[in-house]
>>> print(open('coords-v2.tsv').read())   # TSV, C-alpha atoms
chain	number	residue	atom	x	y	z
A	24	MET	CA	-20.83	-18.64	17.39
A	25	PRO	CA	-17.03	-18.93	16.99
A	26	ASP	CA	-15.80	-22.23	18.45
A	27	LYS	CA	-12.28	-20.90	19.04
A	28	CYS	CA	-10.54	-17.82	20.34
A	29	VAL	CA	-10.98	-14.63	18.34
A	30	ASP	CA	-7.78	-12.65	17.87
A	31	VAL	CA	-8.48	-8.92	18.22
A	32	LEU	CA	-5.76	-6.49	17.19
A	33	VAL	CA	-5.98	-2.97	18.60
A	34	ALA	CA	-4.47	-0.88	15.80
A	35	SER	CA	-4.56	2.60	17.31
A	36	TYR	CA	-3.79	3.98	20.75
A	37	LEU	CA	-6.13	3.08	23.60
A	38	GLU	CA	-5.80	3.57	27.33
A	39	GLN	CA	-4.78	0.30	28.98
A	40	ASP	CA	-7.96	0.05	31.05
A	41	LEU	CA	-9.99	0.13	27.84
A	42	VAL	CA	-7.81	-2.56	26.29
A	43	ASP	CA	-8.38	-4.65	29.42
A	44	ARG	CA	-12.11	-4.08	29.11
A	45	ILE	CA	-12.07	-5.54	25.60
A	46	ALA	CA	-10.00	-8.51	26.75
A	47	ASP	CA	-12.30	-9.16	29.71
A	48	SER	CA	-15.50	-8.93	27.67
A	49	ASP	CA	-15.48	-12.65	26.76
A	50	PRO	CA	-13.09	-15.56	27.52
A	51	ARG	CA	-12.87	-16.26	23.78
A	52	VAL	CA	-11.39	-12.83	23.07
A	53	ARG	CA	-7.60	-12.71	22.78
A	54	VAL	CA	-6.31	-9.14	22.47
A	55	SER	CA	-3.03	-8.05	20.89
A	56	TYR	CA	-1.92	-4.52	21.76
A	57	ALA	CA	1.54	-3.03	21.36
A	58	PRO	CA	1.37	0.75	21.88
A	59	GLU	CA	5.13	1.01	21.33
A	60	LEU	CA	4.53	-0.01	17.68
A	61	LEU	CA	1.69	2.47	17.10
A	62	PRO	CA	1.78	6.18	16.26
A	63	ARG	CA	2.16	8.41	19.30
A	64	PRO	CA	-1.16	10.04	20.24
A	65	ARG	CA	-1.19	13.85	20.37
A	66	TRP	CA	-4.24	13.98	22.64
A	67	HIS	CA	-6.76	11.64	24.23
A	68	SER	CA	-8.55	9.63	21.56
A	69	ASP	CA	-6.09	10.54	18.78
A	70	HIS	CA	-6.45	7.71	16.27
A	71	VAL	CA	-3.94	9.07	13.77
A	72	GLY	CA	-1.03	10.22	15.89
A	73	VAL	CA	2.59	10.78	14.96
A	74	PRO	CA	4.01	7.75	13.07
A	75	ARG	CA	6.94	5.99	14.68
A	76	GLU	CA	10.11	4.97	12.92
A	77	LEU	CA	10.22	1.26	13.64
A	78	THR	CA	13.25	-0.97	13.51
A	79	ALA	CA	13.27	-3.92	11.12
A	80	GLY	CA	12.45	-6.20	14.02
A	81	GLU	CA	9.55	-4.02	15.11
A	82	HIS	CA	8.19	-3.95	11.58
A	83	ASP	CA	8.32	-7.75	11.53
A	84	ARG	CA	6.55	-7.91	14.86
A	85	TRP	CA	3.70	-5.66	13.68
A	86	THR	CA	3.42	-7.62	10.43
A	87	SER	CA	3.08	-10.82	12.46
A	88	MET	CA	0.33	-9.27	14.58
A	89	LEU	CA	-1.57	-8.22	11.47
A	90	ARG	CA	-1.27	-11.71	10.01
A	91	THR	CA	-3.08	-13.38	12.90
A	92	ALA	CA	-5.87	-10.83	13.39
A	93	ASP	CA	-9.49	-11.97	13.01
A	94	VAL	CA	-10.85	-8.61	14.14
A	95	MET	CA	-9.21	-5.17	14.15
A	96	PHE	CA	-9.99	-2.14	16.23
A	97	ASP	CA	-9.19	0.57	13.66
A	98	PHE	CA	-7.36	0.29	10.35
A	99	ASP	CA	-3.69	-0.56	9.99
A	100	TRP	CA	-1.59	2.61	10.21
A	101	ARG	CA	1.31	1.49	7.99
A	102	HIS	CA	-0.21	0.02	4.85
A	103	PRO	CA	-4.02	0.06	5.09
A	104	GLU	CA	-4.21	-0.34	1.33
A	105	ARG	CA	-2.70	-3.84	1.80
A	106	THR	CA	-5.19	-4.93	4.46
A	107	LEU	CA	-6.50	-7.99	2.63
A	108	GLU	CA	-3.00	-9.16	1.76
A	109	GLN	CA	-1.39	-8.69	5.16
A	110	SER	CA	-4.37	-9.86	7.25
A	111	PRO	CA	-5.67	-13.03	5.53
A	112	ASN	CA	-7.76	-14.09	8.55
A	113	LEU	CA	-9.49	-10.73	8.96
A	114	HIS	CA	-13.29	-10.72	9.08
A	115	TRP	CA	-14.22	-7.40	10.66
A	116	ILE	CA	-12.81	-3.92	11.28
A	117	GLN	CA	-14.27	-1.56	13.86
A	118	ALA	CA	-13.54	1.94	12.57
A	119	THR	CA	-13.02	4.79	15.00
A	120	SER	CA	-14.75	7.42	12.84
A	121	ALA	CA	-18.39	7.83	11.94
A	122	GLY	CA	-17.75	8.74	8.31
A	123	ALA	CA	-15.53	5.86	7.25
A	124	GLY	CA	-16.53	5.89	3.60
A	125	GLN	CA	-13.64	8.05	2.42
A	126	LEU	CA	-11.12	5.89	4.29
A	127	ILE	CA	-12.59	2.67	2.91
A	128	GLU	CA	-12.41	4.06	-0.63
A	129	ARG	CA	-8.87	5.40	-0.16
A	130	PHE	CA	-7.66	2.08	1.25
A	131	GLY	CA	-9.15	0.12	-1.65
A	132	LEU	CA	-11.58	-1.74	0.59
A	133	SER	CA	-14.79	-0.85	-1.21
A	134	HIS	CA	-16.83	-4.06	-1.55
A	135	ALA	CA	-14.03	-6.02	0.14
A	136	PRO	CA	-15.05	-9.36	1.69
A	137	LEU	CA	-14.99	-7.71	5.12
A	138	THR	CA	-17.45	-6.36	7.62
A	139	VAL	CA	-16.72	-2.79	8.66
A	140	THR	CA	-18.56	-1.08	11.49
A	141	THR	CA	-18.35	2.65	12.11
A	142	ALA	CA	-18.38	4.83	15.21
A	143	ALA	CA	-21.62	6.53	14.16
A	144	GLY	CA	-23.29	8.17	17.14
A	145	VAL	CA	-20.18	8.32	19.31
A	146	HIS	CA	-19.49	11.92	18.27
A	147	ALA	CA	-23.09	13.17	18.35
A	148	ASP	CA	-22.87	15.03	21.67
A	149	PRO	CA	-19.64	17.02	21.09
A	150	LEU	CA	-20.52	17.87	17.49
A	151	ALA	CA	-24.03	18.99	18.45
A	152	GLU	CA	-22.52	21.13	21.23
A	153	PHE	CA	-20.11	22.70	18.74
A	154	ALA	CA	-22.96	23.42	16.33
A	155	LEU	CA	-25.03	24.98	19.11
A	156	ALA	CA	-22.10	27.08	20.36
A	157	GLY	CA	-21.53	28.50	16.88
A	158	ILE	CA	-25.21	29.12	16.26
A	159	LEU	CA	-25.57	30.98	19.56
A	160	HIS	CA	-22.41	32.98	18.80
A	161	PHE	CA	-24.02	34.52	15.73
A	162	ALA	CA	-27.68	34.43	16.78
A	163	ARG	CA	-26.95	36.44	19.93
A	164	GLY	CA	-24.68	38.95	18.18
A	165	LEU	CA	-21.46	37.99	19.96
A	166	PRO	CA	-19.18	39.12	17.08
A	167	ARG	CA	-20.45	42.70	17.60
A	168	LEU	CA	-19.85	42.52	21.34
A	169	VAL	CA	-16.31	41.20	20.81
A	170	ALA	CA	-15.57	44.00	18.32
A	171	ASP	CA	-17.01	46.69	20.60
A	172	ARG	CA	-14.94	45.51	23.56
A	173	ARG	CA	-11.82	45.48	21.40
A	174	ASP	CA	-12.58	49.05	20.26
A	175	ARG	CA	-13.62	50.16	23.79
A	176	THR	CA	-17.02	51.14	22.41
A	177	TRP	CA	-20.02	51.20	24.76
A	178	ARG	CA	-23.18	51.29	22.68
A	179	LYS	CA	-26.66	50.08	23.43
A	180	GLN	CA	-28.65	48.64	20.56
A	181	ALA	CA	-31.16	45.95	19.72
A	182	THR	CA	-29.97	42.37	19.54
A	183	THR	CA	-31.35	39.10	18.19
A	184	GLU	CA	-32.45	35.80	19.68
A	185	LEU	CA	-32.40	32.13	18.76
A	186	ALA	CA	-35.94	31.32	19.90
A	187	GLY	CA	-38.47	31.11	17.09
A	188	ARG	CA	-35.99	30.24	14.35
A	189	HIS	CA	-36.19	27.18	12.12
A	190	ALA	CA	-33.38	24.78	11.25
A	191	LEU	CA	-33.01	22.53	8.22
A	192	ILE	CA	-30.76	19.64	9.20
A	193	VAL	CA	-29.31	17.74	6.25
A	194	GLY	CA	-28.53	14.34	7.72
A	195	ALA	CA	-31.18	13.23	10.19
A	196	GLY	CA	-28.94	10.63	11.81
A	197	LYS	CA	-27.50	10.65	15.31
A	198	ILE	CA	-25.50	13.88	14.99
A	199	GLY	CA	-28.34	15.71	13.26
A	200	SER	CA	-30.89	14.39	15.73
A	201	ARG	CA	-28.83	15.42	18.74
A	202	THR	CA	-28.37	18.89	17.23
A	203	ALA	CA	-32.13	19.16	16.75
A	204	GLU	CA	-32.67	18.10	20.38
A	205	LEU	CA	-30.40	20.83	21.69
A	206	LEU	CA	-31.95	23.44	19.42
A	207	ARG	CA	-35.42	22.44	20.60
A	208	CYS	CA	-34.36	23.49	24.12
A	209	PHE	CA	-34.00	27.01	22.68
A	210	SER	CA	-37.44	26.91	21.01
A	211	VAL	CA	-36.00	26.25	17.55
A	212	THR	CA	-38.07	24.02	15.26
A	213	ALA	CA	-36.34	21.63	12.88
A	214	THR	CA	-36.85	19.84	9.59
A	215	GLY	CA	-34.72	16.72	9.18
A	216	VAL	CA	-33.46	15.59	5.78
A	217	ALA	CA	-33.04	11.83	5.34
A	218	ARG	CA	-31.96	9.74	2.38
A	219	THR	CA	-35.19	7.75	2.34
A	220	PRO	CA	-38.73	8.67	3.47
A	221	ARG	CA	-39.66	8.12	7.11
A	222	PRO	CA	-42.34	9.39	9.47
A	223	ALA	CA	-41.79	12.69	11.26
A	224	GLY	CA	-41.13	12.47	14.96
A	225	ALA	CA	-39.21	14.15	17.75
A	226	PRO	CA	-36.81	15.88	17.67
A	227	PHE	CA	-37.91	16.86	14.15
A	228	ASP	CA	-41.14	18.67	13.37
A	229	VAL	CA	-40.92	17.57	9.75
A	230	VAL	CA	-38.82	14.95	7.96
A	231	THR	CA	-38.19	15.21	4.24
A	232	THR	CA	-35.87	13.59	1.72
A	233	THR	CA	-32.72	14.80	0.00
A	234	ASP	CA	-34.45	15.34	-3.34
A	235	ARG	CA	-36.85	17.83	-1.73
A	236	ILE	CA	-34.32	20.08	0.00
A	237	ALA	CA	-35.11	22.99	-2.36
A	238	GLU	CA	-38.66	23.23	-0.99
A	239	HIS	CA	-37.40	23.84	2.56
A	240	LEU	CA	-34.42	26.15	2.04
A	241	PRO	CA	-36.41	29.44	1.91
A	242	THR	CA	-37.66	28.91	5.48
A	243	ALA	CA	-34.35	27.71	6.94
A	244	ASP	CA	-32.86	30.33	9.26
A	245	ILE	CA	-30.20	27.74	10.09
A	246	LEU	CA	-28.80	25.11	7.71
A	247	VAL	CA	-26.95	22.27	9.44
A	248	VAL	CA	-25.01	19.75	7.35
A	249	SER	CA	-24.39	16.52	9.26
A	250	CYS	CA	-24.63	13.90	6.52
A	251	ALA	CA	-22.01	11.49	5.19
A	252	LEU	CA	-20.06	12.23	2.02
A	253	THR	CA	-21.21	10.01	-0.83
A	254	GLU	CA	-21.48	10.35	-4.59
A	255	HIS	CA	-25.00	11.68	-4.00
A	256	THR	CA	-24.12	14.29	-1.36
A	257	ARG	CA	-20.90	15.71	-2.85
A	258	GLY	CA	-21.69	19.33	-3.75
A	259	LEU	CA	-25.25	18.93	-2.47
A	260	ILE	CA	-25.24	22.48	-1.09
A	261	GLY	CA	-24.14	24.73	-3.93
A	262	ARG	CA	-24.74	28.29	-5.13
A	263	ARG	CA	-28.40	27.72	-5.90
A	264	GLU	CA	-29.08	26.19	-2.49
A	265	LEU	CA	-27.21	28.92	-0.61
A	266	ALA	CA	-28.99	31.61	-2.60
A	267	ALA	CA	-32.34	30.10	-1.63
A	268	LEU	CA	-31.69	30.60	2.08
A	269	PRO	CA	-33.15	33.69	3.76
A	270	ASP	CA	-30.86	36.70	4.17
A	271	GLY	CA	-28.85	36.33	7.36
A	272	ALA	CA	-29.15	32.55	7.52
A	273	LEU	CA	-26.48	30.58	9.34
A	274	VAL	CA	-24.66	27.62	7.76
A	275	VAL	CA	-23.19	24.88	9.95
A	276	ASN	CA	-21.12	21.98	8.60
A	277	VAL	CA	-20.25	19.17	11.00
A	278	GLY	CA	-20.48	16.48	8.31
A	279	ARG	CA	-17.93	16.52	5.51
A	280	GLY	CA	-16.46	19.53	3.73
A	281	PRO	CA	-17.17	18.59	0.10
A	282	VAL	CA	-20.93	18.36	0.78
A	283	VAL	CA	-20.89	22.18	0.60
A	284	ASP	CA	-19.50	24.10	-2.39
A	285	GLU	CA	-16.84	26.02	-0.51
A	286	ASP	CA	-16.31	28.69	-3.19
A	287	ALA	CA	-20.04	29.39	-3.23
A	288	LEU	CA	-20.05	29.57	0.57
A	289	VAL	CA	-17.17	32.06	0.58
A	290	GLU	CA	-18.99	34.22	-1.99
A	291	ALA	CA	-22.21	34.25	0.03
A	292	LEU	CA	-20.33	35.13	3.21
A	293	SER	CA	-18.30	37.88	1.52
A	294	ALA	CA	-21.44	39.39	0.05
A	295	GLY	CA	-23.06	39.55	3.46
A	296	ARG	CA	-25.91	37.30	2.35
A	297	LEU	CA	-25.29	34.87	5.19
A	298	GLY	CA	-25.21	35.69	8.86
A	299	GLY	CA	-22.27	33.38	9.46
A	300	ALA	CA	-20.77	29.94	9.00
A	301	VAL	CA	-19.78	27.41	11.66
A	302	LEU	CA	-17.37	24.86	10.18
A	303	ASP	CA	-15.71	21.80	11.67
A	304	VAL	CA	-14.79	20.57	8.19
A	305	THR	CA	-13.58	22.07	4.92
A	306	SER	CA	-13.30	20.81	1.36
A	307	THR	CA	-9.54	20.42	1.61
A	308	GLU	CA	-7.94	19.54	4.93
A	309	PRO	CA	-5.78	21.14	6.14
A	310	LEU	CA	-7.45	24.29	4.82
A	311	ARG	CA	-5.29	25.85	2.11
A	312	GLU	CA	-3.27	28.85	3.24
A	313	ASP	CA	-4.87	31.26	0.78
A	314	SER	CA	-8.46	30.43	1.73
A	315	PRO	CA	-10.59	33.50	2.58
A	316	LEU	CA	-12.13	31.46	5.41
A	317	TRP	CA	-9.04	32.15	7.54
A	318	SER	CA	-9.73	35.87	7.74
A	319	ALA	CA	-13.52	36.06	7.47
A	320	ASP	CA	-15.07	37.73	10.52
A	321	ASN	CA	-18.33	35.81	10.05
A	322	VAL	CA	-16.78	32.33	10.25
A	323	ILE	CA	-16.02	29.99	13.13
A	324	LEU	CA	-13.43	27.48	11.96
A	325	SER	CA	-12.48	24.25	13.71
A	326	PRO	CA	-9.76	21.99	12.21
A	327	HIS	CA	-12.01	18.88	12.08
A	328	SER	CA	-11.47	18.39	15.78
A	329	ALA	CA	-14.73	19.42	17.45
A	330	ALA	CA	-15.37	15.78	18.40
A	331	ASN	CA	-11.92	15.17	19.93
A	332	VAL	CA	-13.06	14.93	23.54
A	333	PRO	CA	-11.60	12.76	26.34
A	334	SER	CA	-14.63	10.48	26.46
A	335	GLU	CA	-14.36	9.46	22.80
A	336	ASN	CA	-12.27	6.30	23.25
A	337	GLY	CA	-14.47	5.02	26.04
A	338	LYS	CA	-17.60	5.45	23.94
A	339	ILE	CA	-16.04	3.67	20.96
A	340	VAL	CA	-14.96	0.79	23.19
A	341	ASP	CA	-18.52	0.60	24.60
A	342	LEU	CA	-19.74	0.17	21.04
A	343	PHE	CA	-16.98	-2.30	20.15
A	344	VAL	CA	-17.62	-4.49	23.19
A	345	GLU	CA	-21.33	-4.60	22.39
A	346	ASN	CA	-20.50	-5.56	18.81
A	347	LEU	CA	-18.00	-8.19	19.98
A	348	GLY	CA	-20.78	-9.84	21.96
A	349	ARG	CA	-23.00	-9.85	18.90
A	350	TYR	CA	-20.17	-11.15	16.72
A	351	LEU	CA	-19.41	-13.99	19.11
A	352	SER	CA	-23.05	-14.99	19.55
A	353	GLY	CA	-23.76	-14.78	15.83
A	354	ASP	CA	-27.45	-14.15	16.43
A	355	ALA	CA	-27.64	-10.34	16.14
A	356	ALA	CA	-26.65	-7.80	13.51
A	357	LEU	CA	-23.63	-5.63	14.29
A	358	ILE	CA	-24.34	-2.02	15.18
A	359	ASN	CA	-23.34	0.58	12.57
A	360	GLU	CA	-22.41	-1.92	9.88
A	361	PHE	CA	-21.05	-0.02	6.89
A	362	ASP	CA	-23.25	-0.20	3.79
A	363	PHE	CA	-20.84	-0.46	0.86
A	364	ASP	CA	-23.59	0.38	-1.64
A	365	ALA	CA	-24.86	3.46	0.20
A	366	GLY	CA	-21.35	4.62	1.08
A	367	TYR	CA	-21.90	5.03	4.82
>>> encode(input="coords-v2.tsv", output="C-alpha cells")
Amino acid sequence: MPDKCVDVLVASYLEQDLVDRIADSDPRVRVSYAPELLPRPRWHSDHVGVPRELTAGEHDRWTSMLRTADVMFDFDWRHPERTLEQSPNLHWIQATSAGAGQLIERFGLSHAPLTVTTAAGVHADPLAEFALAGILHFARGLPRLVADRRDRTWRKQATTELAGRHALIVGAGKIGSRTAELLRCFSVTATGVARTPRPAGAPFDVVTTTDRIAEHLPTADILVVSCALTEHTRGLIGRRELAALPDGALVVNVGRGPVVDEDALVEALSAGRLGGAVLDVTSTEPLREDSPLWSADNVILSPHSAANVPSENGKIVDLFVENLGRYLSGDAALINEFDFDAGY
C-alpha cells in the first residue's frame, strides 16, 4: 500500500464529473487535469482529438505534469515514444482502448518497466450491437429491400432468417462473448475460438483453439473476428480460410483489420462467394481511397468508430477507479493487465 499520495495525470479529455470521481475515490489520490493543454475532443469519449498548438509556457507546464506522474490515465499525446524519459516516476498507465498492443509497440513500450492496463470489456456492448445490426442487415435481406425501394419496385419473394444459423467467433473474450449472447437471443449457436483450451460454456456451445479453426469454418454461416492483433493473429483469416466458409457466409470484423487478409476478402465479396461483410476496422486506416470496399454493395463499413458511444468514458473511469483501489491496497491484481508476452 502506497504510504504517500499518488499523482494521477489524466492525459486525455474527460468530463469534469468523471475527473472528480477519480479524485474522490481515495484521499491518497492527487489528480492533475488540464483540458486546455489536451487535444480538443471531437465527440464524447474522443481520446485522440485535435492537437492543440501550445505556447512555450504551456509546453513547459505539460512537461512538468508528466514529470511528476505516478499513474497516467491514457498515454501522453505529444511524445508517447518518450514516456520513460519524460515520466521517471511512472508506474502504471491505464489505456483507453481494449487493443493497446499496437500502441505499446509503436510507442516503444514493449517490455517497458511499466504496468499497462487496457479497457478490455468496456466496448463489448456497442461492438456486439454493431455486429448484430450488420448480421441482421444481410440475414434478413435488407440490401434487396433498399434497392427495390430506390427503384420503386414492388415484388414479393422469399426471404431469409437468422434463426438456426451458426457463428464462429474468433476471439472468445468479452466482445466475442457479448456478441454470442446477443446472437443466442436470435437462436444462433456459436463456437468460440480462444488462444488456449478451456471448457465450453454459455454463451458458446463449443469452444476451440486458434490452431483448430480450419475444422469449424465449413459450418460457420457467420464468422466474427473479435480478437487482438498479435504476431500469431496477423493474417489469420486468409484466402484458404475464407474459401472454406459456406457459400453466402457473412464475415464480421470488430477486432483489428490486419487479422483478415483484406485483398482475399475483397476477392471473395466480388465473386459473390460471401453474403456480406460487416467491418468496423480495415487493414489500413483510414481506408485507402482506391479500396473496392468503398463501393461494394455487400459491405457495411464503419471507420473504427462503432464503439464511440457517450457512455464510454464513464465505463473506463469505473474500471480505472476499481484498479486504483487495487493499486493502492496492493493486495489484488489489476484488471486487464497487459501481457507483454502475449501481446494483449
>>> closest_residue(input="coords-v2.tsv", among="A:Val277, A:Ala135, A:Ala213, A:Val247", to="A:Gly187", atoms="all atoms listed in the file")
A:Ala213
>>> residues_around(input="coords-v2.tsv", residues="A:Thr233", least_positions_apart="4", cutoff="12 Å", atoms="all atoms listed in the file", output="PyMOL selection string")
chain A and resi 191-195+214-221+237-240+248+250+255-256+259-260
>>> closest_residue(input="coords-v2.tsv", among="A:Ser68, A:Ser55, A:Thr232, A:Gln125", to="A:Gly366", atoms="all atoms listed in the file")
A:Gln125
>>> atom_distance(input="coords-v2.tsv", atom1="atom CA of A:His134", atom2="atom CA of A:Arg279")
21.8 Å
>>> closest_residue(input="coords-v2.tsv", among="A:Leu37, A:Asp244, A:Leu351, A:Asp93", to="A:Arg51", atoms="only C-alpha atoms")
A:Leu351
>>> atom_distance(input="coords-v2.tsv", atom1="atom CA of A:Pro50", atom2="atom CA of A:Pro103")
28.8 Å
>>> closest_residue(input="coords-v2.tsv", among="A:Thr140, A:Asn346, A:Ser334, A:Ser133", to="A:Ile116", atoms="all atoms listed in the file")
A:Thr140
